[in-house]
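The file structure.tsv contains TSV, C-alpha atoms and all ligand atoms:
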chain	number	residue	atom	x	y	z
A	1	MET	CA	-17.94	-0.13	-6.82
A	2	LYS	CA	-15.51	2.15	-8.66
A	3	LEU	CA	-11.79	2.60	-8.00
A	4	HIS	CA	-10.09	5.72	-9.33
A	5	ASP	CA	-6.78	4.20	-10.27
A	6	ILE	CA	-3.34	4.76	-11.75
A	7	PRO	CA	-1.82	1.51	-13.07
A	8	LEU	CA	1.75	2.32	-11.95
A	9	SER	CA	0.88	3.77	-8.54
A	10	GLY	CA	1.88	1.56	-5.61
A	11	ASN	CA	-0.89	3.10	-3.49
A	12	ALA	CA	-3.52	2.26	-6.10
A	13	TYR	CA	-2.00	-1.24	-6.61
A	14	LYS	CA	-2.36	-1.77	-2.85
A	15	VAL	CA	-6.14	-1.38	-3.15
A	16	ARG	CA	-6.35	-3.48	-6.34
A	17	LEU	CA	-4.31	-6.20	-4.63
A	18	PHE	CA	-6.59	-6.28	-1.61
A	19	LEU	CA	-9.73	-6.32	-3.77
A	20	SER	CA	-8.30	-9.30	-5.63
A	21	LEU	CA	-7.28	-11.13	-2.42
A	22	ILE	CA	-10.81	-10.82	-1.03
A	23	GLY	CA	-12.47	-11.61	-4.37
A	24	GLN	CA	-14.22	-8.28	-4.62
A	25	GLY	CA	-14.69	-6.72	-8.06
A	26	ALA	CA	-14.48	-3.01	-8.88
A	27	ASP	CA	-14.63	-0.93	-12.03
A	28	LEU	CA	-11.28	0.76	-12.57
A	29	VAL	CA	-11.27	4.39	-13.70
A	30	ASN	CA	-7.89	5.40	-15.03
A	31	VAL	CA	-6.94	8.89	-13.77
A	32	ASP	CA	-4.55	10.92	-15.91
A	33	LEU	CA	-2.86	13.26	-13.41
A	34	ARG	CA	-1.73	15.55	-16.27
A	35	SER	CA	-5.37	16.33	-17.04
A	36	GLY	CA	-5.88	17.75	-13.54
A	37	VAL	CA	-9.18	15.86	-13.19
A	38	HIS	CA	-8.23	14.88	-9.61
A	39	LYS	CA	-8.30	18.55	-8.54
A	40	ARG	CA	-11.79	19.24	-9.92
A	41	PRO	CA	-14.94	19.43	-7.74
A	42	ALA	CA	-16.38	16.06	-8.83
A	43	PHE	CA	-13.22	14.23	-7.74
A	44	LEU	CA	-12.71	16.38	-4.61
A	45	ALA	CA	-16.19	15.38	-3.49
A	46	ILE	CA	-14.88	11.79	-3.30
A	47	ASN	CA	-11.42	12.62	-1.95
A	48	PRO	CA	-10.93	16.20	-0.73
A	49	ARG	CA	-7.15	15.63	-0.78
A	50	GLY	CA	-7.31	15.38	-4.57
A	51	GLN	CA	-5.25	12.20	-4.77
A	52	VAL	CA	-5.46	8.73	-6.26
A	53	PRO	CA	-6.54	6.13	-5.23
A	54	ALA	CA	-10.14	7.02	-4.40
A	55	LEU	CA	-13.04	4.64	-3.98
A	56	GLU	CA	-16.73	5.05	-4.73
A	57	ASP	CA	-19.11	2.51	-3.26
A	58	GLY	CA	-22.65	3.61	-4.01
A	59	ASP	CA	-23.01	7.04	-2.42
A	60	PHE	CA	-19.94	6.55	-0.27
A	61	GLY	CA	-16.62	8.05	-1.35
A	62	LEU	CA	-13.21	7.63	0.27
A	63	GLY	CA	-9.62	8.59	-0.47
A	64	ASP	CA	-6.29	7.36	0.92
A	65	SER	CA	-5.13	3.82	0.33
A	66	GLN	CA	-4.83	3.02	4.05
A	67	ALA	CA	-8.36	4.29	4.78
A	68	ILE	CA	-9.71	2.35	1.80
A	69	LEU	CA	-8.13	-0.88	3.09
A	70	VAL	CA	-9.84	-0.34	6.46
A	71	TYR	CA	-13.19	0.29	4.79
A	72	LEU	CA	-12.98	-2.68	2.44
A	73	ALA	CA	-11.79	-5.02	5.19
A	74	ARG	CA	-14.57	-4.06	7.59
A	75	ARG	CA	-17.28	-4.11	4.94
A	76	TYR	CA	-16.33	-6.97	2.60
A	77	ALA	CA	-13.52	-9.15	3.99
A	78	GLU	CA	-13.16	-11.97	6.49
A	79	PRO	CA	-12.57	-10.46	9.99
A	80	SER	CA	-9.04	-11.94	10.07
A	81	TRP	CA	-7.87	-9.20	7.67
A	82	TYR	CA	-8.75	-6.56	10.30
A	83	PRO	CA	-9.58	-8.27	13.58
A	84	LEU	CA	-11.94	-6.60	16.02
A	85	ASP	CA	-9.79	-7.01	19.15
A	86	ALA	CA	-8.08	-3.91	20.51
A	87	GLU	CA	-4.51	-5.26	20.33
A	88	PRO	CA	-4.42	-6.28	16.65
A	89	GLN	CA	-6.36	-3.15	15.71
A	90	GLY	CA	-3.81	-1.00	17.52
A	91	ARG	CA	-0.91	-2.81	15.85
A	92	ILE	CA	-2.55	-2.56	12.45
A	93	ALA	CA	-3.03	1.21	12.93
A	94	HIS	CA	0.68	1.40	13.74
A	95	TRP	CA	1.64	-0.24	10.43
A	96	LEU	CA	-0.88	1.77	8.39
A	97	SER	CA	0.78	4.88	9.78
A	98	PHE	CA	4.20	3.41	8.94
A	99	ALA	CA	3.00	2.88	5.34
A	100	ALA	CA	1.86	6.50	5.09
A	101	ASN	CA	5.04	7.91	6.63
A	102	GLU	CA	8.26	5.87	6.59
A	103	ILE	CA	7.33	3.89	3.47
A	104	GLN	CA	5.92	6.87	1.57
A	105	HIS	CA	8.94	9.08	2.35
A	106	GLY	CA	11.44	6.25	1.91
A	107	PRO	CA	11.07	3.63	-0.85
A	108	ALA	CA	8.03	5.25	-2.49
A	109	GLN	CA	9.78	8.61	-2.75
A	110	ALA	CA	13.02	7.01	-4.01
A	111	ARG	CA	10.99	5.26	-6.74
A	112	VAL	CA	9.27	8.48	-7.79
A	113	ILE	CA	12.65	10.22	-8.14
A	114	GLN	CA	14.51	7.35	-9.84
A	115	LEU	CA	11.77	5.85	-12.03
A	116	PHE	CA	9.63	8.89	-12.86
A	117	LYS	CA	12.52	11.42	-12.82
A	118	ARG	CA	10.74	13.73	-10.41
A	119	PRO	CA	12.83	16.30	-8.52
A	120	GLY	CA	13.93	15.34	-5.00
A	121	ASP	CA	16.81	14.12	-2.87
A	122	LEU	CA	17.32	10.50	-3.95
A	123	GLY	CA	20.05	9.84	-1.37
A	124	ALA	CA	17.86	11.08	1.51
A	125	ALA	CA	14.88	8.99	0.36
A	126	GLN	CA	17.09	5.90	-0.01
A	127	ALA	CA	18.53	6.45	3.49
A	128	LYS	CA	15.00	6.60	4.92
A	129	ALA	CA	14.09	3.50	2.93
A	130	ARG	CA	17.06	1.57	4.36
A	131	GLN	CA	16.02	2.55	7.90
A	132	ALA	CA	12.49	1.33	7.19
A	133	LEU	CA	13.76	-1.95	5.68
A	134	GLU	CA	16.04	-2.51	8.68
A	135	LEU	CA	13.13	-2.02	11.06
A	136	LEU	CA	10.87	-4.31	9.02
A	137	ASP	CA	13.53	-7.01	8.84
A	138	GLY	CA	13.85	-6.99	12.63
A	139	GLU	CA	10.09	-7.22	13.12
A	140	LEU	CA	9.67	-9.96	10.53
A	141	SER	CA	12.48	-12.01	12.10
A	142	ARG	CA	10.14	-12.48	15.07
A	143	GLN	CA	6.75	-12.96	13.41
A	144	PRO	CA	5.45	-13.96	9.96
A	145	TRP	CA	2.94	-11.12	9.66
A	146	LEU	CA	3.51	-7.50	10.65
A	147	ALA	CA	0.67	-7.06	13.13
A	148	ARG	CA	1.44	-10.42	14.83
A	149	THR	CA	-1.84	-11.82	13.54
A	150	ALA	CA	-2.24	-15.53	12.73
A	151	GLY	CA	-2.51	-14.75	9.01
A	152	PRO	CA	-2.03	-11.72	6.78
A	153	SER	CA	-3.80	-8.48	7.70
A	154	ILE	CA	-4.29	-5.16	5.97
A	155	ALA	CA	-1.06	-4.05	7.71
A	156	ASP	CA	0.89	-6.38	5.39
A	157	ILE	CA	-0.99	-5.19	2.31
A	158	ALA	CA	-0.41	-1.52	3.17
A	159	VAL	CA	3.35	-1.91	3.61
A	160	TYR	CA	4.04	-4.48	0.87
A	161	PRO	CA	3.85	-2.58	-2.47
A	162	TYR	CA	6.62	0.01	-2.12
A	163	VAL	CA	8.85	-2.47	-0.27
A	164	ALA	CA	8.44	-4.94	-3.15
A	165	LEU	CA	9.12	-2.10	-5.64
A	166	ALA	CA	12.16	-0.78	-3.71
A	167	HIS	CA	14.57	-1.86	-6.49
A	168	GLU	CA	12.87	0.71	-8.75
A	169	GLY	CA	14.18	3.34	-6.34
A	170	GLY	CA	17.71	2.02	-6.74
A	171	LEU	CA	17.65	0.02	-3.50
A	172	GLU	CA	19.33	-3.33	-2.92
A	173	THR	CA	17.15	-5.59	-0.76
A	174	THR	CA	19.18	-8.82	-0.58
A	175	GLY	CA	20.42	-7.84	2.89
A	176	TYR	CA	16.91	-8.12	4.35
A	177	PRO	CA	16.17	-11.89	4.31
A	178	HIS	CA	13.09	-11.70	6.55
A	179	VAL	CA	11.56	-8.99	4.37
A	180	LEU	CA	12.21	-11.14	1.29
A	181	ALA	CA	10.62	-14.22	2.90
A	182	TRP	CA	7.57	-12.13	3.92
A	183	GLN	CA	7.20	-10.91	0.33
A	184	GLU	CA	7.18	-14.54	-0.82
A	185	ARG	CA	4.43	-15.32	1.69
A	186	ILE	CA	2.34	-12.47	0.28
A	187	ARG	CA	3.00	-13.56	-3.33
A	188	ALA	CA	1.77	-17.07	-2.42
A	189	LEU	CA	-1.65	-15.81	-1.24
A	190	PRO	CA	-4.63	-16.95	-3.37
A	191	GLY	CA	-5.73	-14.05	-5.58
A	192	TYR	CA	-2.31	-12.34	-5.51
A	193	LEU	CA	-1.97	-9.70	-8.22
A	194	PRO	CA	1.43	-9.11	-9.87
A	195	LEU	CA	3.22	-5.83	-9.14
A	196	PRO	CA	2.83	-2.98	-11.65
A	197	THR	CA	5.62	-2.74	-14.20
A	198	LEU	CA	6.60	0.14	-16.47
A	201	LIG	N1	-1.63	8.92	1.38
A	201	LIG	C1	-2.17	8.75	0.06
A	201	LIG	C2	-1.15	9.18	-0.98
A	201	LIG	C3	-1.75	9.14	-2.37
A	201	LIG	C4	-0.84	9.72	-3.39
A	201	LIG	O1	0.26	10.24	-3.10
A	201	LIG	N2	-1.31	9.65	-4.64
A	201	LIG	C5	-0.58	10.16	-5.75
A	201	LIG	C6	-0.46	9.09	-6.82
A	201	LIG	S1	0.42	7.69	-6.16
A	201	LIG	C7	-1.34	11.35	-6.33
A	201	LIG	O2	-2.54	11.30	-6.45
A	201	LIG	N3	-0.60	12.41	-6.66
A	201	LIG	C8	-1.18	13.59	-7.24
A	201	LIG	C9	-1.32	14.72	-6.27
A	201	LIG	O3	-0.96	14.55	-5.07
A	201	LIG	O4	-1.75	15.78	-6.70
A	201	LIG	C10	-2.59	7.29	-0.14
A	201	LIG	O5	-2.03	6.41	0.54
A	201	LIG	O6	-3.49	7.02	-0.95
Using structure tokens, write down the structure from this file.
Amino acid sequence: MKLHDIPLSGNAYKVRLFLSLIGQGADLVNVDLRSGVHKRPAFLAINPRGQVPALEDGDFGLGDSQAILVYLARRYAEPSWYPLDAEPQGRIAHWLSFAANEIQHGPAQARVIQLFKRPGDLGAAQAKARQALELLDGELSRQPWLARTAGPSIADIAVYPYVALAHEGGLETTGYPHVLAWQERIRALPGYLPLPTL
């Protein structure tokens, strides 16, 4: 198995973290976005969106960190990471969508602007991030894991990275005690992989 990776990307870290938690190895291929390799036909055949991360497993190729978590969980992980019942699957889909929308446009975007000096409205991204953190704190005050599963699921892994990296987008997270406690629970999981650092 091969993971097209960027060491500092939270989306790529999300896949590396899950691989490590389930004890699954993969060869990492470092993608240099400046080279434009991710927009060339060979890469687009794996991920037509031309983005990292992208996974190759034999002849099978897949892009999008959320989709990759689903694939890896169903194929290689214990069922508890992505239970088969309709209710947890529905809730997990909800949080995967939250990761791709509220988290991507909130803390992930704030980090890209603040840390990587990309153009964008930092204040707007931080405001979205605070809304997302508020919502997460409320949810996590009622349950230890996002999708109300007995243990961690891929919902937690999808949402975790950019929340844990929120300080790199200039966000203060001490006001979200339930989010902080949830991060500690994730960091205590066997096989946990430290967050990327610049
Ligand atoms: N929804 C995608 C977003 C992936 C994404 O934004 N990847 C960035 C790196 S973190 C990228 O490849 N950017 C280059 C581009 O979009 O051309 C996911 O979750 O994997």
Grab all the atoms of ligand LIG 201 (chain A) that the file lists, wrap them in a box along x, y and z, add 6 Å per side, and give me centre plus edge lengths in Å (one decimal) as AutoDock Vina command-line options.
--center_x -1.5 --center_y 11.1 --center_z -2.9 --size_x 15.9 --size_y 21.4 --size_z 20.6
What's around region 165-175 of chain A at 12 Å? Count all atoms listed in the file, leave out sequence neighbours fewer than 4 positions away in its own chain, and write the answer as an NGL selection string.
:A and (8-11 or 13-14 or 103-118 or 121-134 or 136-138 or 159-161 or 179-181 or 183 or 194-198)
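Taking all atoms listed in the file into account, Tyr76 (chain A) lies nearest to A:Gly25 out of the set A:Pro41, A:Gly25, A:Gly63, A:Pro152.
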Among A:Leu140, A:Ile154, A:Ile46, A:Leu21, Ala188 (chain A) is approached most closely, using only C-alpha atoms, by A:Leu21
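The residue that comes closest to ligand LIG 201 (chain A), out of A:Pro119, A:Gly36, A:Pro177, A:Gly23 and on the basis of only C-alpha atoms and all ligand atoms, is A:Gly36.
Of the residues under consideration (A:Ile68, A:Ala147, A:Leu135, A:Ala77), A:Ile68 shows the shortest atom-to-atom contact distance to ligand LIG 201 (chain A) when counting only C-alpha atoms and all ligand atoms.
All residues, whether protein, DNA or RNA, that have an atom at most 6 Å from ligand LIG 201 (chain A) (counting only C-alpha atoms and all ligand atoms) are Ser9, Asn11, Gly50, Gln51, Val52, Pro53, Asp64, Ser65, Gln66 and Ala100 of chain A.
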Please write the residues from the selection above to a file, keeping C-alpha atoms, as a PDB file, in the frame of the given file.
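Output file part38.pdb is given in full below:
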ATOM      1  CA  SER A   9       0.880   3.770  -8.540  1.00  0.00           C
ATOM      2  CA  ASN A  11      -0.890   3.100  -3.490  1.00  0.00           C
ATOM      3  CA  GLY A  50      -7.310  15.380  -4.570  1.00  0.00           C
ATOM      4  CA  GLN A  51      -5.250  12.200  -4.770  1.00  0.00           C
ATOM      5  CA  VAL A  52      -5.460   8.730  -6.260  1.00  0.00           C
ATOM      6  CA  PRO A  53      -6.540   6.130  -5.230  1.00  0.00           C
ATOM      7  CA  ASP A  64      -6.290   7.360   0.920  1.00  0.00           C
ATOM      8  CA  SER A  65      -5.130   3.820   0.330  1.00  0.00           C
ATOM      9  CA  GLN A  66      -4.830   3.020   4.050  1.00  0.00           C
ATOM     10  CA  ALA A 100       1.860   6.500   5.090  1.00  0.00           C
TER      11      ALA A 100
END
Identify, on the basis of all atoms listed in the file, every residue whose closest approach to Asp156 (chain A) does not exceed 12 Å; exclude the query and any residue fewer than 3 positions from it along the same chain; express the result as a ChimeraX atom specification.
/A:14,17-18,66,69,81-82,91-96,98-99,136,140,143-149,151-153,159-164,179,182-183,185-187,189
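Across A:Leu33, A:Leu72, A:Ala155, A:Leu62, the tightest approach to Ala45 (chain A) is made by A:Leu62 when counting all atoms listed in the file.
Our summary of the geometry notes that CA of Phe43 (chain A) is positioned 12.6 Å from CA of Asn30 (chain A).
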Suppose you want the space between CA of Ala73 (chain A) and CA of Gln89 (chain A); what is it in Å?
12.0 Å
Give me, please, the distance in Å between CA of Asn101 (chain A) and CA of Leu193 (chain A), quoted to one decimal.
24.1 Å
Nearest residue to Tyr71 (chain A) out of A:Ala86, A:Ala12, A:Ala150, A:Leu19, using all atoms listed in the file?
A:Leu19
